[in-house]
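First the structure, in the form of structure tokens, and then the observations on it.
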Amino acid sequence: MRHELKIDDRTLSYRDFGGPGRPLLALHGGMSEGAAFTGLAQALGDAWRVISPDQRGHGDSDRAPDYRREGYVADAVALLDHLGVRAPAAVLGYSLGGLNAQYLAAGHPDRVGALIVVDTTVEIHPADSEWFGFLRGARYTAPTREELLDAAGPLGAQMVAQALRPLPDGTGWRLPFHPQDQLDSIEACRGDHWDAWLASHCPALLVHGTRSQALTREVADAMVSRRPGTAYAPLDGDHFVPFQDPQGLHEAVAAFLAGL
């Protein structure tokens with residue numbers, strides 16, 4: 001179920017869960033990978049064909065020259081083209097993936113028939129935090145898994161323990177992303193993204209972790225009220241609500257998709 005395509009001599013790895021259903025492109029958050037949507041694909045069953053790439057610089061996809069929005073969106077379009085998905089698809093994105101999904105819908109309205117964003121804000125002003133400390137101090141490779149996890153610290157180890165990759169030459173292990181790439185990607189998200197959010201007109205769903213550190217209730221309410229055709233699904237959790245309440249997320253997404 002894992003496949004690859006080449007984009008400018010760069011490998012983009014993706015999972016295609018298959019089935020007869022309508023296509024759903026699922027874009028993961030930062031420091032994650034396409035496998036994060038395995039549970040969603042199982043929950044949706046044959047009704048939807050979930051396609052989840054490891055976005056550039058994540059998982060098994062190659063590192064990229066930059067992590068600006070244009071590059072992420074171009075990768076998504078290239079994947080849809082590669083799969084022959086020409087009719088408007090449903091697109092879901094969480095966090096970083098949600099921002100990319102908004103820009104995909106804004107720039108390519110003919111490719112997006114429905115938009116689902118999961119705890120994704122439109123006002124991004126990254127502040128120095130424990131995440132930055134982890135990324136700035138993390139090692140990309142180490143001879144053993146244990147050394148890599150020790151260097152990542154408790155926070156980093158919690159994020160990457162299940163996703164470490166062996167190096168191709170057998171000399172050690174690597175993180176599922178390069179720390180500097182993640183810092184660059186976070187910085188490239190900085191700014192006001194209201195124009196992109198309001199530019200699309202397809203049905204949309206905003207899933208919100210009501211205790212989120214990233215998306216405040218005030219901004220969430222404004223996103224729903226200012227964009228016609230946007231439904232709201234609150235879940236009890238913080239920014240990591242997809243991992244804290246996967247069943248709640250799956251039910252909210254399934255209910256929205258059933259109404260299309």
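Letters for chains follow the order of the structure tokens (A, B, ...), residue numbers begin at 1 for each chain, and ligand numbers begin at 1 in the order shown.
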
Per residue of range 9-59 of chain A within 9 Å of range 64-88 of chain A, which atom pair is closest and at what distance in Å (one decimal), using only C-alpha atoms, listed by chain and increasing number, as a Markdown table?
| residue | atom | partner | partner_atom | distance |
| --- | --- | --- | --- | --- |
| A:Arg10 | CA | A:Ala64 | CA | 7.4 |
| A:Leu12 | CA | A:Asp75 | CA | 8.0 |
| A:Tyr14 | CA | A:Leu79 | CA | 8.6 |
| A:Pro23 | CA | A:Val85 | CA | 7.7 |
| A:Leu25 | CA | A:Leu80 | CA | 8.4 |
| A:Leu27 | CA | A:Ala76 | CA | 8.8 |
| A:Pro53 | CA | A:Ala76 | CA | 8.2 |
| A:Gln55 | CA | A:Tyr72 | CA | 7.2 |
| A:Arg56 | CA | A:Ala64 | CA | 6.1 |
| A:Gly57 | CA | A:Ala64 | CA | 6.1 |

Tell me, counting only C-alpha atoms, for each residue of range 188-213 of chain A within 7 Å of range 120-125 of chain A, which pair of atoms is nearest and how far apart they are in Å to one decimal, in rows ordered by chain and increasing number, as JSON lines.
{"residue": "A:Cys189", "atom": "CA", "partner": "A:Ile124", "partner_atom": "CA", "distance": 6.6}
{"residue": "A:Arg190", "atom": "CA", "partner": "A:Ile124", "partner_atom": "CA", "distance": 5.0}
{"residue": "A:Gly191", "atom": "CA", "partner": "A:Ile124", "partner_atom": "CA", "distance": 5.2}
{"residue": "A:Asp192", "atom": "CA", "partner": "A:Glu123", "partner_atom": "CA", "distance": 4.8}
{"residue": "A:His193", "atom": "CA", "partner": "A:Val122", "partner_atom": "CA", "distance": 4.7}
{"residue": "A:Trp194", "atom": "CA", "partner": "A:Val122", "partner_atom": "CA", "distance": 5.6}

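Counting only C-alpha atoms and comparing A:Thr141, A:Ser95, A:Gln247, A:Ser212, the residue that lies closest to Met31 in chain A is A:Ser95.
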
Fill in: Gap from CA of Ser225 in chain A to CA of Ala252 in chain A - Å, one decimal
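Rounded to one decimal, the two atoms are 18.9 Å apart.
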
Item to complete: Compile the contact shell of Arg49 in chain A as a PyMOL selection string: residues with an atom at most 7 Å away, counting only C-alpha atoms, same-chain residues fewer than 4 positions apart removed.
Response: chain A and resi 17-24

When DSSP is applied to the backbone of this structure, which of range 164-257 of chain A are assigned alpha helix (DSSP H)? Write them out as a PDB file with C-alpha atoms, in the first residue's frame.
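So the final result, stored in part_5.pdb, reads:
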ATOM      1  CA  PRO A 179      15.172  18.891  12.501  1.00  0.00           C
ATOM      2  CA  GLN A 180      16.256  21.893  10.417  1.00  0.00           C
ATOM      3  CA  ASP A 181      13.604  21.106   7.806  1.00  0.00           C
ATOM      4  CA  GLN A 182      10.952  21.233  10.509  1.00  0.00           C
ATOM      5  CA  LEU A 183      12.223  24.556  11.810  1.00  0.00           C
ATOM      6  CA  ASP A 184      12.151  25.922   8.253  1.00  0.00           C
ATOM      7  CA  SER A 185       8.654  24.541   7.726  1.00  0.00           C
ATOM      8  CA  ILE A 186       7.359  26.103  10.944  1.00  0.00           C
ATOM      9  CA  GLU A 187       8.824  29.468  10.015  1.00  0.00           C
ATOM     10  CA  ALA A 188       7.294  29.260   6.529  1.00  0.00           C
ATOM     11  CA  TRP A 194      -7.265  34.503   6.157  1.00  0.00           C
ATOM     12  CA  ASP A 195      -7.213  35.175   2.421  1.00  0.00           C
ATOM     13  CA  ALA A 196      -6.528  31.514   1.637  1.00  0.00           C
ATOM     14  CA  TRP A 197      -9.196  30.305   4.064  1.00  0.00           C
ATOM     15  CA  LEU A 198     -11.846  32.624   2.600  1.00  0.00           C
ATOM     16  CA  ALA A 199     -10.886  32.048  -1.043  1.00  0.00           C
ATOM     17  CA  ARG A 217     -11.978  29.530  20.313  1.00  0.00           C
ATOM     18  CA  GLU A 218     -12.162  33.147  19.150  1.00  0.00           C
ATOM     19  CA  VAL A 219     -10.322  32.385  15.899  1.00  0.00           C
ATOM     20  CA  ALA A 220     -12.246  29.132  15.389  1.00  0.00           C
ATOM     21  CA  ASP A 221     -15.565  30.933  15.738  1.00  0.00           C
ATOM     22  CA  ALA A 222     -14.427  33.581  13.270  1.00  0.00           C
ATOM     23  CA  MET A 223     -13.281  30.966  10.764  1.00  0.00           C
ATOM     24  CA  VAL A 224     -16.719  29.370  10.836  1.00  0.00           C
ATOM     25  CA  SER A 225     -18.752  32.589  10.767  1.00  0.00           C
ATOM     26  CA  ARG A 226     -16.732  34.324   8.053  1.00  0.00           C
ATOM     27  CA  VAL A 241      -6.767  15.989  19.592  1.00  0.00           C
ATOM     28  CA  PRO A 242      -6.487  13.585  16.595  1.00  0.00           C
ATOM     29  CA  PHE A 243      -4.311  11.369  18.773  1.00  0.00           C
ATOM     30  CA  GLN A 244      -6.236  12.025  21.990  1.00  0.00           C
ATOM     31  CA  PRO A 246      -9.294   9.430  17.292  1.00  0.00           C
ATOM     32  CA  GLN A 247     -12.802   8.004  17.515  1.00  0.00           C
ATOM     33  CA  GLY A 248     -14.286  11.466  17.905  1.00  0.00           C
ATOM     34  CA  LEU A 249     -12.324  12.673  14.901  1.00  0.00           C
ATOM     35  CA  HIS A 250     -13.340   9.689  12.782  1.00  0.00           C
ATOM     36  CA  GLU A 251     -17.010  10.144  13.669  1.00  0.00           C
ATOM     37  CA  ALA A 252     -16.942  13.879  12.915  1.00  0.00           C
ATOM     38  CA  VAL A 253     -15.233  13.342   9.577  1.00  0.00           C
ATOM     39  CA  ALA A 254     -17.531  10.445   8.600  1.00  0.00           C
ATOM     40  CA  ALA A 255     -20.649  12.463   9.451  1.00  0.00           C
ATOM     41  CA  PHE A 256     -19.493  15.414   7.373  1.00  0.00           C
ATOM     42  CA  LEU A 257     -18.518  13.264   4.399  1.00  0.00           C
TER      43      LEU A 257
END

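For the choices A:Ser200, A:Ser52, A:Gly172, A:Val207, the atom-to-atom distance to Arg111 in chain A is smallest for A:Ser200 when using only C-alpha atoms.
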
Discussion item. Taking only range 125-170 of chain A into account, list the residues labelled strand (DSSP E or B) by DSSP (computed from the backbone), as a list in words.
Written reply: Thr141, Ala142, Arg165 and Pro166 of chain A

Worksheet item: Contacts of Pro168 in chain A at 12 Å or less, counting only C-alpha atoms, minus same-chain residues fewer than 5 places along, as a PyMOL selection string?
Response: chain A and resi 60+141+173-174

Discussion item. If I take CA of Ala36 in chain A and CA of Pro143 in chain A, how far is one from the other in Å, to one decimal?
Written reply: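 Separation of CA of Ala36 in chain A and CA of Pro143 in chain A: 26.2 Å.
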
Discussion item. Between A:Gly156, A:Gly209, A:Gly237, A:Gly113, which residue has the minimum interatomic distance to Ala101 in chain A, considering only C-alpha atoms?
Written reply: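 Residue with the minimum atom-to-atom distance to Ala101 in chain A: A:Gly113.
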
May I have a table of the residues of range 85-165 of chain A lying at most 10 Å from range 230-233 of chain A, giving each one's closest pair of atoms and their distance in Å to one decimal, counting only C-alpha atoms, ordered by chain and ascending residue number, as a tab-separated table?
residue	atom	partner	partner_atom	distance
A:Leu115	CA	A:Thr230	CA	9.0
A:Ile116	CA	A:Thr230	CA	9.3
A:Val118	CA	A:Ala233	CA	9.3

Emit the selected residues as an mmCIF file, in the first residue's frame, including all heavy atoms.
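File part.cif, as written:
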data_model
loop_
_atom_site.group_PDB
_atom_site.id
_atom_site.type_symbol
_atom_site.label_atom_id
_atom_site.label_comp_id
_atom_site.auth_asym_id
_atom_site.auth_seq_id
_atom_site.Cartn_x
_atom_site.Cartn_y
_atom_site.Cartn_z
ATOM 1 N N LEU A 115 -13.542 20.338 1.979
ATOM 2 C CA LEU A 115 -12.345 20.674 2.747
ATOM 3 C C LEU A 115 -12.581 20.384 4.228
ATOM 4 O O LEU A 115 -13.578 20.823 4.801
ATOM 5 C CB LEU A 115 -12.015 22.150 2.544
ATOM 6 C CG LEU A 115 -10.830 22.744 3.313
ATOM 7 C CD1 LEU A 115 -9.522 22.087 2.883
ATOM 8 C CD2 LEU A 115 -10.772 24.261 3.079
ATOM 9 N N ILE A 116 -11.664 19.635 4.827
ATOM 10 C CA ILE A 116 -11.711 19.350 6.260
ATOM 11 C C ILE A 116 -10.393 19.791 6.868
ATOM 12 O O ILE A 116 -9.324 19.316 6.451
ATOM 13 C CB ILE A 116 -11.922 17.845 6.539
ATOM 14 C CG1 ILE A 116 -13.196 17.338 5.868
ATOM 15 C CG2 ILE A 116 -11.963 17.582 8.047
ATOM 16 C CD1 ILE A 116 -13.313 15.825 5.860
ATOM 17 N N VAL A 118 -8.306 20.209 10.504
ATOM 18 C CA VAL A 118 -8.304 19.718 11.880
ATOM 19 C C VAL A 118 -7.336 20.553 12.700
ATOM 20 O O VAL A 118 -6.122 20.524 12.475
ATOM 21 C CB VAL A 118 -7.925 18.232 11.933
ATOM 22 C CG1 VAL A 118 -7.966 17.724 13.380
ATOM 23 C CG2 VAL A 118 -8.857 17.406 11.041
#

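Among the candidates A:His239, A:His28, A:His201, A:Arg227, the one nearest to Gln213 in chain A when counting only C-alpha atoms is A:His239.
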
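Here CA of Pro126 in chain A stands at a distance of 18.3 Å from CA of Ser32 in chain A.
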